[in-house]
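Down below is the structure, laid out as structure tokens.
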Amino acid sequence: MQEIHQQINHWYQRNARDLPWRRPGVSGWAVMVSEFMLQQTPVVRVLPVWEQWMHRWPRPQDLAAEPLSEALKAWGRLGYPRRAMRLHAAAIEITTQYNGEVPETEQQLRALPGVGEYTAAAIACFAYGQRTVVVDTNIRRVHARLFGGMALPEPNPRASEFARAKQVQPEEHSSANLWNISVMELGALICTARSPKCDACPVYEHCAWIKAGQPAPHYAPKGQAWKGTDRQVRGAMMAILRAHEEPVLRETFLTDLALQGHGDYIALHKLDAPLEQRERALAGLLSDGLALAEEAGIRLPS
DNA sequence: GAGCCGTGGGG
DNA sequence: TCCCCAAGGCT
């Protein structure tokens with residue numbers, strides 16, 4: 001196991017990407033912002049938004065002083081705008097409860113909105129050098145192959161994966177700390193979900209999946225419906241709202257939505273009917289989707 | 001615990 | 001073209 005530790009950690013030191021949130025001296029806030037943006041969004045799309053975000057709001061209190069609408073608009077097209085809402089709310093908590101300093105313990109981090117098991121462990125490790133057990137989708141996949149002999153991990157994380165992740169960590173503190181980011185990077189660059197670059201893998205000789213003859217995945221991906229769903233229309237709604245500095249008039253909103261090809265949806269759900277006449281399902285859609293804008297002060301006139 | 005929450009690029 | 005996938009979190 002020590003040989004695997006050394007090979008992967010050494011590989012990282014020679015092949016890691018030069019990402020701005022990894023540079024020496026970056027703040028806990030800088031790391032935290034990157035972790036929020038990287039939740040289900042690829043690095044290349046996060047990079048420019050992160051740069052602008054950190055330039056505009058270099059400290060939690062800078063973001064906390066702004067209305068939510070500014071955070072949502074600055075979030076742009078990263079997707080899952082709820083993350084921007086949670087980051088804004090977290091910035092307020094950090095400002096009021098922690099005097100503007102991103103907390104360092106996993107327990108404190110875990111209590112912040114938008115911070116789950118992974119993000120708490122990642123911030124504590126990457127920003128504060130703590131020895132934590134980081135388990136993300138990359139690490140899960142590397143472990144599943146290297147130690148489990150499987151093509152892919154289970155669709156949903158299991159408790160046994162956290163136990164194994166802790167088990168396979170190096171003993172020594174700094175090595176364990178480096179191990180987290182090294183395995184993650186290996187999964188992102190070499191041990192990828194599709195077409196892994198096994199010929200460039202530093203631990204090819206140790207890989208249980210290779211030894212097993214690279215068996216195929218034992219399950220088929222589910223896939224999420226998109227076309228024709230409320231979710232698709234909600235995305236269109238947010239795009240319209242982001243594009244306006246001021247609250248959007250109902251007529252403008254409906255016209256823009258129709259121009260984006262959702263005229264049938266407007267008719268089907270009576271979006272152009274008075275608020276009181278809307279069906280309960282529509283009210284649910286609006287409260288779910290437009291809550292983002294409502295709370296931000298960019299709203300439809302009632 | 002399964003399903004939902006946006007968006008765009010690569011295979 | 002279509003569909004999988006991306007440093008998850010929340011209910």
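Letters A, B, ... go to the chains of the structure tokens in the order shown; residues in each chain start at 1; ligands are counted from 1 in the same order.
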
Taking only C-alpha atoms (C1' of nucleotides) into account, find every residue of chain A that has an atom no more than 8 Å from chain B, and write it out as an MDAnalysis selection string. chainID A and resid 77:82 235

Generate the output file for the selected residues, C-alpha atoms, as an mmCIF file, in the first residue's frame.
```
data_model
loop_
_atom_site.group_PDB
_atom_site.id
_atom_site.type_symbol
_atom_site.label_atom_id
_atom_site.label_comp_id
_atom_site.auth_asym_id
_atom_site.auth_seq_id
_atom_site.Cartn_x
_atom_site.Cartn_y
_atom_site.Cartn_z
ATOM 1 C CA ARG A 77 -24.762 29.786 -16.428
ATOM 2 C CA LEU A 78 -22.896 27.521 -14.029
ATOM 3 C CA GLY A 79 -26.144 25.688 -13.375
ATOM 4 C CA TYR A 80 -27.912 24.686 -10.153
ATOM 5 C CA PRO A 81 -28.460 28.328 -9.066
ATOM 6 C CA ARG A 82 -29.505 27.034 -5.641
ATOM 7 C CA GLY A 235 -33.851 27.072 -16.721
#
```

DSSP alpha helix (DSSP H) residues within region 38-243 of chain A, listed as a PyMOL selection string: chain A and resi 43-56+60-64+68-75+82-97+106-110+117-126+137-146+159-167+173-189+208-211+230-242

For C-alpha atoms, I'd like the residues from the last selection saved as a compact mmCIF listing (two decimals), in the first residue's frame.
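The resulting file, out_31.txt, is reproduced below:
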```
# COMPACT_ATOMS: atom_id res chain seq x y z
CA VAL A 43 -13.40 22.92 -13.92
CA VAL A 44 -13.08 24.70 -17.29
CA ARG A 45 -16.46 26.34 -16.87
CA VAL A 46 -15.82 27.32 -13.25
CA LEU A 47 -12.46 29.03 -13.85
CA PRO A 48 -13.61 32.38 -15.37
CA VAL A 49 -16.59 32.73 -13.02
CA TRP A 50 -14.43 32.01 -9.98
CA GLU A 51 -11.92 34.70 -11.06
CA GLN A 52 -14.64 37.32 -11.43
CA TRP A 53 -16.32 36.25 -8.19
CA MET A 54 -13.13 36.49 -6.13
CA HIS A 55 -12.23 39.85 -7.67
CA ARG A 56 -15.64 41.26 -6.80
CA PRO A 60 -17.34 36.53 2.80
CA GLN A 61 -18.54 39.88 4.17
CA ASP A 62 -18.21 41.42 0.69
CA LEU A 63 -20.72 38.96 -0.72
CA ALA A 64 -22.89 39.07 2.40
CA LEU A 68 -28.99 37.71 -3.38
CA SER A 69 -29.92 38.84 -6.88
CA GLU A 70 -26.33 39.96 -7.50
CA ALA A 71 -25.02 36.53 -6.49
CA LEU A 72 -27.51 34.82 -8.81
CA LYS A 73 -26.58 37.00 -11.75
CA ALA A 74 -22.85 36.61 -11.11
CA TRP A 75 -23.39 32.85 -10.96
CA ARG A 82 -29.50 27.03 -5.64
CA ARG A 83 -25.77 26.75 -5.00
CA ALA A 84 -25.45 30.52 -5.41
CA MET A 85 -28.27 31.01 -2.92
CA ARG A 86 -26.58 28.70 -0.43
CA LEU A 87 -23.20 30.34 -0.90
CA HIS A 88 -24.74 33.75 -0.27
CA ALA A 89 -26.51 32.46 2.84
CA ALA A 90 -23.28 30.82 4.03
CA ALA A 91 -21.41 34.10 3.56
CA ILE A 92 -23.92 35.82 5.83
CA GLU A 93 -23.54 33.13 8.49
CA ILE A 94 -19.76 33.34 8.31
CA THR A 95 -19.92 37.11 8.64
CA THR A 96 -22.29 37.15 11.60
CA GLN A 97 -21.19 34.03 13.48
CA GLU A 106 -15.60 19.87 9.62
CA GLN A 107 -18.38 20.11 12.17
CA GLN A 108 -18.66 23.88 11.83
CA LEU A 109 -18.35 23.76 8.06
CA ARG A 110 -20.93 21.00 7.80
CA GLU A 117 -19.85 15.68 3.81
CA TYR A 118 -17.63 16.14 0.80
CA THR A 119 -17.37 19.94 0.84
CA ALA A 120 -16.66 20.10 4.58
CA ALA A 121 -13.86 17.55 4.29
CA ALA A 122 -12.48 19.26 1.17
CA ILE A 123 -12.32 22.76 2.68
CA ALA A 124 -10.78 21.48 5.92
CA CYS A 125 -8.16 19.55 3.94
CA PHE A 126 -7.37 21.85 1.03
CA THR A 137 -16.99 11.11 -7.47
CA ASN A 138 -13.39 10.90 -8.73
CA ILE A 139 -12.09 9.25 -5.58
CA ARG A 140 -15.03 6.84 -5.51
CA ARG A 141 -14.26 5.76 -9.06
CA VAL A 142 -10.51 5.33 -8.47
CA HIS A 143 -11.17 3.28 -5.33
CA ALA A 144 -13.80 1.16 -7.10
CA ARG A 145 -11.30 0.25 -9.82
CA LEU A 146 -7.97 0.19 -8.03
CA ALA A 159 -21.08 3.87 3.95
CA SER A 160 -18.59 1.15 3.11
CA GLU A 161 -16.89 3.49 0.65
CA PHE A 162 -16.13 6.02 3.39
CA ALA A 163 -14.78 3.23 5.55
CA ARG A 164 -12.53 2.04 2.73
CA ALA A 165 -11.40 5.58 1.95
CA LYS A 166 -10.29 5.98 5.56
CA GLN A 167 -8.67 2.55 5.53
CA HIS A 173 -0.39 13.47 8.20
CA SER A 174 1.08 15.38 5.26
CA SER A 175 1.01 12.30 3.05
CA ALA A 176 -2.62 11.66 3.92
CA ASN A 177 -3.42 15.29 3.19
CA LEU A 178 -1.73 15.12 -0.20
CA TRP A 179 -3.35 11.74 -0.92
CA ASN A 180 -6.84 13.27 -0.96
CA ILE A 181 -6.10 15.73 -3.75
CA SER A 182 -3.82 13.32 -5.59
CA VAL A 183 -6.42 10.57 -5.91
CA MET A 184 -9.02 13.13 -6.90
CA GLU A 185 -6.75 14.51 -9.63
CA LEU A 186 -5.93 11.01 -10.85
CA GLY A 187 -9.63 10.35 -11.26
CA ALA A 188 -10.16 13.64 -13.06
CA LEU A 189 -7.27 13.28 -15.53
CA ALA A 208 -7.67 -4.67 -9.36
CA TRP A 209 -9.89 -3.73 -12.29
CA ILE A 210 -7.05 -4.31 -14.77
CA LYS A 211 -6.19 -7.60 -13.07
CA ASP A 230 -40.62 21.78 -15.80
CA ARG A 231 -36.90 21.77 -15.20
CA GLN A 232 -36.17 22.86 -18.74
CA VAL A 233 -38.66 25.72 -18.51
CA ARG A 234 -37.28 26.74 -15.13
CA GLY A 235 -33.85 27.07 -16.72
CA ALA A 236 -35.34 29.32 -19.37
CA MET A 237 -37.05 31.39 -16.66
CA MET A 238 -33.79 31.93 -14.83
CA ALA A 239 -32.00 32.90 -18.03
CA ILE A 240 -34.58 35.64 -18.62
CA LEU A 241 -34.37 36.91 -15.06
CA ARG A 242 -30.56 36.94 -15.09
```

Using only C-alpha atoms (C1' of nucleotides) and a cut-off of 7 Å, which residues of chain C sit close to chain A? Please list them as a ChimeraX atom specification. /C:6-9

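What separates CA of Arg250 (chain A) from CA of Asp272 (chain A) is a distance of 8.3 Å.
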